[in-house]
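Printed here is target32.txt (compact mmCIF, C-alpha atoms):
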```txt
# COMPACT_ATOMS: atom_id res chain seq x y z
CA MET V 63 23.05 -72.31 20.00
CA SER V 64 24.82 -74.45 22.60
CA HIS V 65 26.11 -77.92 21.90
CA LEU V 66 23.36 -79.42 24.03
CA GLU V 67 20.59 -77.57 22.21
CA LYS V 68 21.87 -78.97 18.96
CA LEU V 69 21.60 -82.50 20.31
CA ILE V 70 18.17 -82.15 21.87
CA PRO V 71 15.54 -80.88 19.47
CA THR V 72 13.57 -78.11 21.12
CA LEU V 73 10.35 -76.40 20.12
CA HIS V 74 10.67 -72.96 18.62
CA PRO V 75 9.07 -70.35 20.95
CA ASP V 76 6.64 -69.28 18.19
CA TYR V 77 5.27 -72.81 17.92
CA ALA V 78 5.47 -73.43 21.67
CA GLU V 79 3.28 -70.39 22.27
CA ARG V 80 0.58 -71.76 19.97
CA LEU V 81 0.82 -75.18 21.55
CA LYS V 82 0.32 -73.56 24.97
CA ASN V 83 -2.78 -71.74 23.69
CA ARG V 84 -4.16 -75.02 22.45
CA MET V 85 -3.43 -76.96 25.62
CA GLN V 86 -4.86 -74.27 27.88
CA SER V 87 -7.94 -73.56 25.79
CA PRO V 88 -11.23 -74.59 27.44
CA CYS V 89 -12.74 -75.46 24.03
CA GLN V 90 -10.86 -78.71 23.35
CA ALA V 91 -13.59 -80.29 21.21
CA LEU V 92 -13.40 -77.46 18.68
CA TRP V 93 -9.67 -77.85 18.15
CA GLY V 94 -10.30 -81.45 17.13
CA ILE V 95 -12.93 -80.38 14.61
CA LEU V 96 -10.66 -77.74 13.11
CA ASP V 97 -7.95 -80.38 12.67
CA ASN V 98 -9.97 -81.26 9.56
CA VAL V 99 -9.73 -77.78 8.05
CA VAL V 100 -6.92 -77.53 5.52
CA ASP V 101 -5.21 -74.64 3.76
CA PRO V 102 -6.96 -74.15 0.40
CA GLU V 103 -3.63 -73.89 -1.40
CA LEU V 104 -1.90 -76.77 0.43
CA PRO V 105 -4.83 -79.14 0.72
CA THR V 106 -3.16 -81.76 2.93
CA VAL V 107 -1.79 -79.35 5.52
CA THR V 108 -4.22 -78.26 8.22
CA ILE V 109 -4.54 -74.68 9.39
CA TRP V 110 -3.29 -75.81 12.77
CA ASN V 111 -0.15 -77.41 11.33
CA LEU V 112 0.53 -74.42 9.07
CA GLY V 113 0.45 -72.04 12.03
CA ILE V 114 -2.60 -70.06 10.92
CA LEU V 115 -4.93 -71.17 13.72
CA GLN V 116 -3.95 -69.28 16.88
CA ASN V 117 -6.58 -69.76 19.54
CA ILE V 118 -10.15 -70.78 20.42
CA GLN V 119 -11.86 -69.19 23.40
CA TRP V 120 -15.35 -68.57 24.74
CA LYS V 121 -16.70 -65.23 23.75
CA ASN V 122 -19.33 -64.89 26.46
CA GLU V 123 -19.97 -66.01 30.01
CA GLN V 124 -22.74 -68.39 28.97
CA LYS V 125 -20.05 -70.34 27.15
CA ASN V 126 -22.08 -70.86 23.99
CA HIS V 127 -20.42 -68.32 21.73
CA TYR V 128 -16.90 -68.98 20.44
CA ARG V 129 -14.06 -66.84 19.18
CA VAL V 130 -11.57 -68.42 16.83
CA THR V 131 -8.47 -66.34 16.05
CA ILE V 132 -6.34 -66.84 12.97
CA THR V 133 -3.38 -64.95 11.57
CA PRO V 134 -2.75 -64.58 7.83
CA THR V 135 0.56 -65.87 6.47
CA TYR V 136 1.10 -62.80 4.26
CA SER V 137 -0.67 -59.42 4.34
CA GLY V 138 -2.26 -59.95 0.97
CA CYS V 139 -2.99 -63.66 1.36
CA PRO V 140 -6.13 -64.22 -0.73
CA ALA V 141 -6.93 -67.46 1.09
CA VAL V 142 -7.94 -65.80 4.37
CA GLU V 143 -11.61 -65.38 3.48
CA THR V 144 -11.89 -68.97 2.28
CA ILE V 145 -10.27 -70.18 5.50
CA GLN V 146 -12.70 -68.14 7.59
CA ALA V 147 -15.65 -69.64 5.72
CA ASP V 148 -14.22 -73.17 6.00
CA ILE V 149 -13.85 -72.80 9.79
CA ILE V 150 -17.43 -71.60 10.17
CA ASN V 151 -18.73 -74.42 7.96
CA ALA V 152 -16.80 -77.11 9.82
CA LEU V 153 -18.00 -75.90 13.21
CA GLU V 154 -21.58 -75.44 12.01
CA LYS V 155 -21.70 -79.02 10.79
CA ALA V 156 -20.62 -80.14 14.25
CA GLY V 157 -23.41 -78.10 15.85
CA TYR V 158 -21.47 -74.98 16.87
CA THR V 159 -23.44 -72.16 15.29
CA LYS V 160 -22.29 -69.12 17.23
CA VAL V 161 -18.74 -68.63 16.08
CA ASP V 162 -16.72 -65.54 15.23
CA VAL V 163 -13.50 -65.95 13.29
CA ASP V 164 -11.24 -62.97 13.94
CA VAL V 165 -8.14 -62.24 11.89
CA VAL V 166 -5.41 -60.95 14.21
CA LEU V 167 -2.18 -59.33 13.10
CA SER V 168 -0.29 -59.87 16.30
CA PRO V 169 1.59 -62.10 16.83
CA ALA V 170 2.67 -61.81 13.19
CA TRP V 171 2.81 -65.18 11.47
CA SER V 172 6.26 -66.73 11.08
CA THR V 173 7.32 -69.97 9.46
CA GLU V 174 8.39 -71.07 12.94
CA MET V 175 4.71 -71.31 13.84
CA ILE V 176 4.46 -74.30 11.50
CA SER V 177 4.25 -77.50 13.54
CA PRO V 178 6.87 -80.26 13.14
CA VAL V 179 4.12 -82.36 11.53
CA GLY V 180 3.35 -79.50 9.14
CA LYS V 181 6.99 -79.37 8.03
CA LYS V 182 6.91 -83.09 7.29
CA GLN V 183 3.68 -82.70 5.35
CA LEU V 184 5.23 -79.95 3.22
CA GLN V 185 8.06 -82.32 2.43
CA GLN V 186 5.53 -84.98 1.38
CA LEU V 187 3.96 -82.46 -0.99
CA ARG V 188 7.45 -82.06 -2.49
CA ILE V 189 7.73 -78.58 -1.07
CA ALA V 190 11.04 -77.94 0.71
CA PRO V 191 10.24 -76.79 4.26
CA PRO V 192 11.55 -73.40 5.46
CA ASP V 193 15.13 -73.25 6.69
CA PRO V 194 16.53 -70.38 8.81
CA GLU V 195 19.75 -70.26 6.75
CA ASP V 196 17.89 -70.75 3.48
CA GLU V 197 19.88 -73.95 3.00
CA VAL V 198 17.41 -75.70 0.77
CA SER V 199 17.57 -79.40 0.11
CA CYS V 200 15.73 -81.00 -2.77
CA PRO V 201 12.47 -82.58 -1.54
CA ILE V 202 12.72 -85.19 -4.31
CA CYS V 203 16.28 -86.56 -4.13
CA GLY V 204 17.52 -84.91 -0.91
CA SER V 205 20.53 -83.20 -2.51
CA ASN V 206 21.77 -79.95 -0.97
CA ASN V 207 23.02 -78.82 -4.34
CA THR V 208 20.12 -76.52 -5.23
CA GLN V 209 19.70 -73.06 -6.70
CA VAL V 210 17.05 -70.40 -6.62
CA ILE V 211 15.15 -69.77 -9.86
CA SER V 212 12.86 -67.08 -8.52
CA ARG V 213 12.34 -65.66 -5.06
CA PHE V 214 8.59 -65.83 -5.62
CA GLY V 215 6.67 -68.93 -6.64
CA SER V 216 3.09 -70.03 -7.19
CA THR V 217 1.89 -68.35 -3.97
CA ALA V 218 3.20 -65.55 -1.77
CA CYS V 219 4.67 -68.03 0.71
CA LYS V 220 6.83 -69.96 -1.73
CA ALA V 221 9.99 -69.48 -3.81
CA LEU V 222 11.00 -71.47 -6.90
CA TYR V 223 14.12 -73.64 -6.74
CA GLN V 224 15.81 -76.21 -8.89
CA CYS V 225 17.90 -79.18 -7.89
CA SER V 226 21.29 -79.19 -9.63
CA ASP V 227 21.62 -82.97 -9.20
CA CYS V 228 18.26 -84.42 -10.24
CA HIS V 229 17.37 -81.23 -12.16
CA GLU V 230 13.80 -81.15 -10.88
CA PRO V 231 12.31 -77.74 -10.20
CA PHE V 232 10.46 -77.50 -6.88
CA ASP V 233 8.75 -75.09 -4.49
CA TYR V 234 10.49 -73.90 -1.35
CA PHE V 235 8.41 -72.60 1.54
CA LYS V 236 10.14 -69.26 2.25
CA TYR V 237 11.67 -68.80 5.69
CA PHE V 238 9.93 -65.93 7.36
CA ASP V 239 10.50 -64.79 10.93
CA MET Q 76 -10.64 -40.92 25.13
CA LYS Q 77 -9.04 -39.19 22.17
CA THR Q 78 -10.17 -35.70 21.32
CA GLU Q 79 -11.64 -35.06 17.89
CA ASN Q 80 -8.53 -33.27 16.81
CA GLN Q 81 -6.21 -36.07 17.92
CA GLN Q 82 -8.38 -38.55 16.10
CA ASN Q 83 -8.29 -36.45 12.95
CA ILE Q 84 -4.52 -36.24 13.04
CA LEU Q 85 -4.17 -39.99 13.45
CA LEU Q 86 -6.65 -40.57 10.63
CA LYS Q 87 -4.61 -38.41 8.27
CA TYR Q 88 -1.43 -40.21 9.21
CA VAL Q 89 -2.93 -43.66 8.66
CA LEU Q 90 -4.55 -42.61 5.38
CA GLY Q 91 -1.18 -41.43 4.08
CA LEU Q 92 0.32 -44.84 4.84
CA ALA Q 93 -2.65 -46.59 3.24
CA ASP Q 94 -2.43 -44.46 0.10
CA ASP Q 95 1.32 -45.14 -0.15
CA ALA Q 96 0.67 -48.87 -0.08
CA VAL Q 97 -2.25 -48.96 -2.51
CA VAL Q 98 -0.48 -46.75 -5.06
CA MET Q 99 2.70 -48.84 -4.92
CA GLY Q 100 0.65 -52.04 -5.12
CA HIS Q 101 -1.32 -50.81 -8.12
CA ARG Q 102 1.79 -49.68 -9.98
CA LEU Q 103 3.45 -53.05 -9.45
CA SER Q 104 0.33 -54.88 -10.58
CA GLU Q 105 0.60 -53.11 -13.93
CA TRP Q 106 3.45 -55.52 -14.71
CA CYS Q 107 1.05 -58.44 -14.60
CA SER Q 108 1.45 -60.30 -17.93
CA ASN Q 109 4.03 -57.70 -19.09
CA ALA Q 110 7.19 -58.71 -17.21
CA PRO Q 111 10.26 -59.94 -19.14
CA TYR Q 112 9.59 -63.59 -18.25
CA LEU Q 113 7.16 -65.70 -16.27
CA GLU Q 114 9.04 -65.91 -12.95
CA GLU Q 115 9.48 -62.14 -12.86
CA ASP Q 116 5.84 -61.66 -13.69
CA ILE Q 117 4.92 -63.82 -10.71
CA ALA Q 118 7.42 -62.06 -8.45
CA LEU Q 119 6.13 -58.58 -9.28
CA GLY Q 120 2.54 -59.77 -8.85
CA ASN Q 121 3.42 -61.20 -5.45
CA ILE Q 122 5.07 -58.00 -4.27
CA ALA Q 123 2.04 -56.06 -5.51
CA LEU Q 124 -0.14 -58.38 -3.45
CA ASP Q 125 1.93 -57.70 -0.32
CA TYR Q 126 1.36 -53.96 -0.81
CA ILE Q 127 -2.37 -54.37 -1.47
CA GLY Q 128 -2.60 -56.44 1.70
CA ARG Q 129 -0.76 -53.72 3.59
CA ALA Q 130 -3.10 -51.09 2.13
CA ARG Q 131 -6.12 -53.08 3.30
CA MET Q 132 -4.81 -53.22 6.87
CA PHE Q 133 -4.17 -49.46 6.92
CA TYR Q 134 -7.50 -48.59 5.25
CA GLN Q 135 -9.45 -50.84 7.63
CA TYR Q 136 -7.80 -49.08 10.53
CA ALA Q 137 -8.45 -45.65 8.97
CA ALA Q 138 -12.13 -46.55 8.45
CA GLN Q 139 -12.34 -47.58 12.08
CA ILE Q 140 -10.75 -44.32 13.30
CA GLU Q 141 -13.00 -42.25 11.04
CA GLY Q 142 -16.09 -44.03 12.32
CA LEU Q 143 -18.40 -42.73 9.61
CA GLY Q 144 -19.28 -46.13 8.23
CA ARG Q 145 -17.01 -45.83 5.21
CA SER Q 146 -15.33 -49.11 4.30
CA GLU Q 147 -11.76 -49.82 3.21
CA ASP Q 148 -13.04 -49.98 -0.38
CA ASP Q 149 -14.79 -46.61 -0.10
CA LEU Q 150 -11.52 -45.06 1.02
CA ALA Q 151 -9.49 -46.61 -1.79
CA TYR Q 152 -11.98 -46.28 -4.62
CA THR Q 153 -13.97 -43.12 -4.06
CA ARG Q 154 -11.47 -40.55 -2.87
CA THR Q 155 -10.20 -38.10 -5.46
CA GLU Q 156 -6.66 -37.41 -6.57
CA ARG Q 157 -6.39 -34.35 -4.31
CA GLU Q 158 -7.57 -36.43 -1.35
CA PHE Q 159 -4.83 -39.01 -1.92
CA THR Q 160 -1.76 -38.23 0.18
CA ASN Q 161 0.76 -40.80 -1.03
CA LEU Q 162 4.43 -39.95 -1.52
CA LEU Q 163 5.20 -38.96 -5.11
CA ILE Q 164 7.94 -41.49 -5.81
CA LEU Q 165 5.36 -44.27 -5.54
CA GLU Q 166 2.97 -42.88 -8.14
CA LEU Q 167 5.51 -42.47 -10.97
CA PRO Q 168 4.70 -44.70 -13.94
CA ILE Q 169 6.44 -48.09 -13.99
CA GLY Q 170 8.78 -47.09 -16.84
CA ASP Q 171 11.06 -49.88 -18.02
CA PHE Q 172 12.12 -52.88 -15.96
CA ALA Q 173 15.23 -51.08 -14.65
CA PHE Q 174 13.15 -48.11 -13.51
CA THR Q 175 10.72 -50.37 -11.64
CA LEU Q 176 13.59 -52.22 -9.96
CA VAL Q 177 15.57 -49.11 -8.98
CA ARG Q 178 12.45 -47.56 -7.48
CA GLN Q 179 11.73 -50.82 -5.68
CA PHE Q 180 15.25 -50.92 -4.27
CA PHE Q 181 14.97 -47.31 -3.05
CA VAL Q 182 11.55 -47.94 -1.56
CA ASP Q 183 12.56 -51.27 0.01
CA VAL Q 184 15.50 -49.69 1.82
CA PHE Q 185 13.17 -46.95 3.02
CA TYR Q 186 10.47 -49.33 4.29
CA VAL Q 187 12.86 -51.73 5.99
CA ASN Q 188 14.03 -48.79 8.12
CA TYR Q 189 10.67 -47.05 8.44
CA LEU Q 190 8.76 -50.13 9.53
CA LYS Q 191 11.50 -51.03 12.00
CA GLN Q 192 10.62 -47.79 13.84
CA LEU Q 193 6.86 -48.09 13.36
CA LYS Q 194 7.01 -51.55 14.94
CA ASP Q 195 7.71 -49.75 18.23
CA SER Q 196 4.87 -47.25 17.82
CA LYS Q 197 2.73 -46.61 20.89
CA ASP Q 198 -0.27 -47.18 18.65
CA GLU Q 199 -0.80 -50.93 18.92
CA THR Q 200 -2.51 -51.38 15.56
CA LEU Q 201 0.20 -49.53 13.68
CA ALA Q 202 2.84 -51.52 15.53
CA ALA Q 203 1.14 -54.81 14.62
CA ILE Q 204 0.81 -53.87 10.93
CA ALA Q 205 4.47 -52.82 10.85
CA ALA Q 206 5.61 -56.05 12.51
CA LYS Q 207 3.89 -57.97 9.75
CA ALA Q 208 4.88 -55.73 6.84
CA ILE Q 209 8.58 -55.46 7.72
CA LYS Q 210 9.07 -59.17 7.12
CA GLU Q 211 7.74 -58.70 3.62
CA SER Q 212 9.82 -55.61 2.89
CA ARG Q 213 12.99 -57.36 4.05
CA TYR Q 214 12.24 -60.11 1.59
CA HIS Q 215 11.50 -57.64 -1.20
CA LEU Q 216 14.91 -56.06 -0.61
CA LYS Q 217 16.59 -59.46 -0.85
CA ARG Q 218 15.16 -59.69 -4.34
CA SER Q 219 15.66 -56.15 -5.62
CA GLU Q 220 19.34 -55.98 -4.64
CA PRO Q 221 20.60 -58.82 -6.84
CA TRP Q 222 18.62 -57.34 -9.71
CA ILE Q 223 20.32 -53.96 -9.33
CA THR Q 224 23.69 -55.73 -9.27
CA GLN Q 225 22.85 -57.81 -12.31
CA LEU Q 226 21.51 -54.91 -14.35
CA SER Q 227 24.30 -52.47 -13.36
CA LEU Q 228 27.08 -54.92 -14.10
CA GLY Q 229 25.30 -56.54 -17.02
CA THR Q 230 25.33 -55.17 -20.54
CA GLU Q 231 26.10 -51.61 -21.49
CA GLU Q 232 22.43 -51.05 -22.17
CA SER Q 233 21.14 -52.53 -18.89
CA ARG Q 234 23.68 -50.41 -16.99
CA GLN Q 235 22.64 -47.28 -18.84
CA ARG Q 236 19.00 -47.94 -18.01
CA VAL Q 237 19.82 -48.27 -14.32
CA LEU Q 238 21.74 -44.98 -14.43
CA ASN Q 239 18.83 -43.27 -16.22
CA ALA Q 240 16.40 -44.57 -13.61
CA ILE Q 241 18.59 -43.34 -10.74
CA GLU Q 242 18.80 -39.92 -12.32
CA GLU Q 243 15.04 -39.70 -12.83
CA LEU Q 244 14.29 -40.87 -9.30
CA THR Q 245 16.77 -38.98 -7.15
CA SER Q 246 14.80 -35.75 -6.97
CA PHE Q 247 11.83 -37.70 -5.56
CA VAL Q 248 13.90 -39.35 -2.84
CA GLY Q 249 14.02 -36.28 -0.59
CA GLU Q 250 10.28 -36.37 -0.02
CA LEU Q 251 10.65 -39.73 1.74
CA PHE Q 252 12.34 -37.86 4.59
CA GLU Q 253 10.24 -34.67 4.74
CA MET Q 254 8.17 -34.52 7.91
CA THR Q 255 4.66 -33.07 7.84
CA ALA Q 256 3.19 -31.09 10.74
CA ILE Q 257 0.90 -33.94 11.79
CA GLU Q 258 3.81 -36.35 11.78
CA GLU Q 259 5.79 -34.01 14.04
CA THR Q 260 2.89 -34.01 16.48
CA LEU Q 261 2.40 -37.78 16.39
CA CYS Q 262 6.13 -38.33 16.56
CA SER Q 263 6.37 -36.43 19.83
CA GLU Q 264 3.69 -38.77 21.18
CA GLY Q 265 5.66 -41.85 20.14
CA ILE Q 266 3.14 -42.84 17.46
CA ALA Q 267 4.64 -41.73 14.15
CA VAL Q 268 8.10 -42.37 12.75
CA ASP Q 269 10.69 -39.61 12.54
CA ARG Q 270 11.36 -39.87 8.82
CA ARG Q 271 13.99 -37.14 8.85
CA ALA Q 272 16.17 -39.27 11.09
CA LEU Q 273 16.08 -42.08 8.53
CA GLN Q 274 17.74 -40.05 5.79
CA PRO Q 275 21.40 -40.58 6.78
CA ILE Q 276 20.75 -44.30 7.27
CA TRP Q 277 19.13 -44.53 3.82
CA ASP Q 278 21.81 -42.45 2.10
CA ASN Q 279 24.58 -44.48 3.61
CA TYR Q 280 23.02 -47.84 2.79
CA VAL Q 281 22.18 -46.95 -0.80
CA GLN Q 282 25.58 -45.36 -1.41
CA GLN Q 283 27.42 -48.39 -0.03
CA PHE Q 284 25.33 -50.80 -2.02
CA LEU Q 285 25.60 -48.92 -5.29
CA LYS Q 286 29.35 -48.73 -4.80
CA THR Q 287 29.40 -52.53 -5.17
CA CYS Q 288 27.73 -51.95 -8.55
CA ASP Q 289 30.42 -49.42 -9.58
CA ILE Q 290 27.94 -46.57 -9.25
CA ASN Q 291 28.76 -43.36 -7.43
CA PHE Q 292 25.47 -42.28 -5.96
CA ALA Q 293 25.10 -38.67 -4.92
CA PRO Q 294 21.87 -37.68 -3.16
CA SER Q 295 20.05 -35.02 -5.17
CA GLN Q 296 19.83 -31.42 -3.99
CA LYS Q 297 16.55 -31.05 -5.85
CA LEU Q 298 13.47 -31.76 -3.81
CA VAL Q 299 10.05 -32.46 -5.28
CA VAL Q 300 7.37 -32.56 -2.57
CA GLY Q 301 3.60 -32.25 -2.26
CA GLY Q 302 2.25 -35.79 -2.04
CA ARG Q 303 1.24 -35.59 1.61
CA GLU Q 304 -0.68 -32.37 0.85
CA GLY Q 305 -2.51 -33.96 -2.07
CA LEU Q 306 -0.44 -32.14 -4.69
CA HIS Q 307 0.59 -34.77 -7.19
CA THR Q 308 2.46 -35.29 -10.42
CA GLU Q 309 0.34 -35.50 -13.55
CA HIS Q 310 0.50 -39.30 -13.30
CA LEU Q 311 -1.65 -40.08 -10.27
CA GLY Q 312 -4.94 -38.88 -11.77
CA HIS Q 313 -4.51 -41.21 -14.74
CA MET Q 314 -3.65 -44.09 -12.46
CA LEU Q 315 -6.68 -43.52 -10.25
CA ALA Q 316 -8.94 -43.19 -13.30
CA GLU Q 317 -8.02 -46.75 -14.14
CA MET Q 318 -7.90 -48.09 -10.59
CA GLN Q 319 -11.24 -46.58 -9.57
CA TYR Q 320 -13.05 -47.05 -12.88
CA LEU Q 321 -15.28 -49.93 -11.85
CA GLN Q 322 -16.50 -48.45 -8.55
CA ARG Q 323 -17.01 -45.05 -10.16
CA THR Q 324 -19.02 -46.51 -13.02
CA TYR Q 325 -20.97 -49.09 -11.02
CA PRO Q 326 -20.96 -47.79 -7.43
CA GLY Q 327 -21.08 -50.52 -4.84
CA LEU Q 328 -20.49 -53.32 -7.32
CA SER Q 329 -19.11 -56.43 -5.65
CA TRP Q 330 -17.88 -59.87 -6.70
```
Mind converting the file's structure to structure tokens?
Amino acid sequence: MSHLEKLIPTLHPDYAERLKNRMQSPCQALWGILDNVVDPELPTVTIWNLGILQNIQWKNEQKNHYRVTITPTYSGCPAVETIQADIINALEKAGYTKVDVDVVLSPAWSTEMISPVGKKQLQQLRIAPPDPEDEVSCPICGSNNTQVISRFGSTACKALYQCSDCHEPFDYFKYFD
Amino acid sequence: MKTENQQNILLKYVLGLADDAVVMGHRLSEWCSNAPYLEEDIALGNIALDYIGRARMFYQYAAQIEGLGRSEDDLAYTRTEREFTNLLILELPIGDFAFTLVRQFFVDVFYVNYLKQLKDSKDETLAAIAAKAIKESRYHLKRSEPWITQLSLGTEESRQRVLNAIEELTSFVGELFEMTAIEETLCSEGIAVDRRALQPIWDNYVQQFLKTCDINFAPSQKLVVGGREGLHTEHLGHMLAEMQYLQRTYPGLSW
């Protein structure tokens, strides 16, 4: 990383790619509706902010059938089916009845797909956001003096940490790229 | 358009990978509520979940290749022991905690290298599954390594248990690198992974790592094979009896 890049915050390519999909998608209204769909296990973080929602496109030439693509965080993530149902419900309520929600494996989800807003929201939930060097700071007191308790936490995407200063245990969203 | 024979070969290859993942996942899930303490219980359950997820992706793809209307569940729950083609090391009972961790370490090192190759497969679905799964295996390895260190350099008893596990497992390691005829064919087409080529990488990595635990690891000359042909140890049948019980007793039952 050059000196300049350190000074100017840039978007990670994984997130930038999703942002491009969103900006170029012809179905803008649907993105807005899905901004109300949250992850069932992190109920204040939306599927867009968490990097699960990948794209929305028309499925046919008549432009009345939609294809929403999502990518699971982990292979065995049990929340995928709930998320699919939540997307269909949200769009149905808004009058969009012909919707397919496809789970795609490629591009594989990475924590860098999480939006900057999503990272802040994790912090607000007292979950330490992912860090490429696994340098974890306590989401409660901000101390960098933390230690891992277990590499797996309450869900597949989290690890358990403890702060050595304020002694609070907390979840860390595992870095995954 | 793929010929029937080509399709059949690919189906067999994918089913082998699916069986590997479901068997490993099921074995790990047997620790649920039995691990030494809560965090470990959760960790083993999470790793099991990663493997079950991997199995689902492979079975879904296999069902699609087969095209006979069988679902992922049909493939996992209604095939017999002799139809399962998983590698033998994965079906061995969980043993004690040291045995589970040593096997996991061996298997993690294998998958990190195997999936790295499969990620470049000419088969797009296999490549996509591998790209996803390798991230998980890398993380699994990050967890199994410190455990091996801790147990090997811990008490006399924990060290002895690690050594026992290594001794029991070494003769099953060779099968990880034995190519089948269908793999040779698919390998020449750039679809399958050349497992034989992974052996020196695996040996070297494991030897180097175990050296840091004061363990001199010598690859075994004994070779137990048969998994990919459906010839199993006495343990798989018992495992499947439990795993498939519900679907066998109440066919088609769903949540």
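What separates atom CA of Ala190 of chain V from atom CA of Gly113 of chain V is a distance of 16.6 Å.
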*May I ask which of the residues Q:Ile127, Q:Ile140, Q:Ala256, Q:Leu165 is the closest one to chain V, counting only C-alpha atoms?*
Q:Ile127
Counting only C-alpha atoms, what is within 6 Å of segment 247-255 of chain Q, bar same-chain residues fewer than 2 positions away, as a PDB file with C-alpha atoms, in the coordinates of the input?
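Output below, filename selection-v8.pdb:
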```
ATOM      1  CA  ILE Q 164       7.940 -41.490  -5.810  1.00  0.00           C
ATOM      2  CA  LEU Q 244      14.290 -40.870  -9.300  1.00  0.00           C
ATOM      3  CA  THR Q 245      16.770 -38.980  -7.150  1.00  0.00           C
ATOM      4  CA  ILE Q 257       0.900 -33.940  11.790  1.00  0.00           C
ATOM      5  CA  GLU Q 258       3.810 -36.350  11.780  1.00  0.00           C
ATOM      6  CA  ARG Q 270      11.360 -39.870   8.820  1.00  0.00           C
ATOM      7  CA  ARG Q 271      13.990 -37.140   8.850  1.00  0.00           C
ATOM      8  CA  GLN Q 274      17.740 -40.050   5.790  1.00  0.00           C
ATOM      9  CA  LEU Q 298      13.470 -31.760  -3.810  1.00  0.00           C
ATOM     10  CA  VAL Q 299      10.050 -32.460  -5.280  1.00  0.00           C
ATOM     11  CA  VAL Q 300       7.370 -32.560  -2.570  1.00  0.00           C
TER      12      VAL Q 300
END
```
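The space separating atom CA of Ala147 of chain V from atom CA of Val165 of chain V comes to 12.2 Å.
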*Interface, chain V side, toward chain Q (12 Å; all atoms listed in the file) as number ranges by chain*: V: 133-142, 165-173, 210-223, 236-239
*Hey, what's within 6 Å of Thr208 of chain V if we count only C-alpha atoms and toss same-chain stuff fewer than 6 positions away? As a list of chain:residue names, please?*
V:Gln224, V:Cys225, V:Ser226
Write a file of the selected residues as an mmCIF file, in the coordinates of the input, keeping C-alpha atoms.
```
data_model
loop_
_atom_site.group_PDB
_atom_site.id
_atom_site.type_symbol
_atom_site.label_atom_id
_atom_site.label_comp_id
_atom_site.auth_asym_id
_atom_site.auth_seq_id
_atom_site.Cartn_x
_atom_site.Cartn_y
_atom_site.Cartn_z
ATOM 1 C CA GLN V 224 15.810 -76.210 -8.890
ATOM 2 C CA CYS V 225 17.900 -79.180 -7.890
ATOM 3 C CA SER V 226 21.290 -79.190 -9.630
#
```
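Taking atom CA of Leu167 of chain Q and atom CA of Leu311 of chain Q as endpoints, the distance between them is 7.6 Å.
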*Which of these, V:Gln183, V:Ser205, V:Gln116, V:Thr72, has the shortest distance to Cys228 of chain V once you count all atoms listed in the file?*
V:Ser205
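Comparing Q:Tyr325, Q:Tyr88, Q:Phe181, Q:Trp106 by their smallest distance to Asn161 of chain Q, the closest is Q:Tyr88 (using only C-alpha atoms).
Using only C-alpha atoms for every distance, the candidate list Q:Leu143, Q:Val177, Q:Leu261, Q:Ile276 yields Q:Leu261 as the residue closest to Leu193 of chain Q.
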*Which one is closest to Pro275 of chain Q: Q:Ser196, Q:Asn188, Q:Gly305, Q:Arg236? Count only C-alpha atoms.*
Q:Asn188
Applying 12 Å and all atoms listed in the file, which residues near Ser233 of chain Q remain after dropping the ones on its own chain fewer than 3 positions away? List them as a PDB file with C-alpha atoms, in the coordinates of the input.
```pdb
ATOM      1  CA  ASP Q 171      11.060 -49.880 -18.020  1.00  0.00           C
ATOM      2  CA  PHE Q 172      12.120 -52.880 -15.960  1.00  0.00           C
ATOM      3  CA  ALA Q 173      15.230 -51.080 -14.650  1.00  0.00           C
ATOM      4  CA  PHE Q 174      13.150 -48.110 -13.510  1.00  0.00           C
ATOM      5  CA  LEU Q 176      13.590 -52.220  -9.960  1.00  0.00           C
ATOM      6  CA  VAL Q 177      15.570 -49.110  -8.980  1.00  0.00           C
ATOM      7  CA  TRP Q 222      18.620 -57.340  -9.710  1.00  0.00           C
ATOM      8  CA  ILE Q 223      20.320 -53.960  -9.330  1.00  0.00           C
ATOM      9  CA  THR Q 224      23.690 -55.730  -9.270  1.00  0.00           C
ATOM     10  CA  GLN Q 225      22.850 -57.810 -12.310  1.00  0.00           C
ATOM     11  CA  LEU Q 226      21.510 -54.910 -14.350  1.00  0.00           C
ATOM     12  CA  SER Q 227      24.300 -52.470 -13.360  1.00  0.00           C
ATOM     13  CA  LEU Q 228      27.080 -54.920 -14.100  1.00  0.00           C
ATOM     14  CA  GLY Q 229      25.300 -56.540 -17.020  1.00  0.00           C
ATOM     15  CA  THR Q 230      25.330 -55.170 -20.540  1.00  0.00           C
ATOM     16  CA  ARG Q 236      19.000 -47.940 -18.010  1.00  0.00           C
ATOM     17  CA  VAL Q 237      19.820 -48.270 -14.320  1.00  0.00           C
ATOM     18  CA  LEU Q 238      21.740 -44.980 -14.430  1.00  0.00           C
ATOM     19  CA  ASN Q 239      18.830 -43.270 -16.220  1.00  0.00           C
ATOM     20  CA  ALA Q 240      16.400 -44.570 -13.610  1.00  0.00           C
TER      21      ALA Q 240
END
```
*asked:* Could you check which residues have any atom within 8 Å of (-12.3, -79.9, 6.8), counting all atoms listed in the file with coordinates taken straight from the file, and then list them as a PyMOL selection string?
replied: chain V and resi 95-100+148-149+152
Store the residues of this selection in a file with C-alpha atoms, as a compact mmCIF listing (two decimals), keeping the file's coordinate frame.
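The resulting file, again.txt, is shown below:
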```
# COMPACT_ATOMS: atom_id res chain seq x y z
CA ILE V 95 -12.93 -80.38 14.61
CA LEU V 96 -10.66 -77.74 13.11
CA ASP V 97 -7.95 -80.38 12.67
CA ASN V 98 -9.97 -81.26 9.56
CA VAL V 99 -9.73 -77.78 8.05
CA VAL V 100 -6.92 -77.53 5.52
CA ASP V 148 -14.22 -73.17 6.00
CA ILE V 149 -13.85 -72.80 9.79
CA ALA V 152 -16.80 -77.11 9.82
```
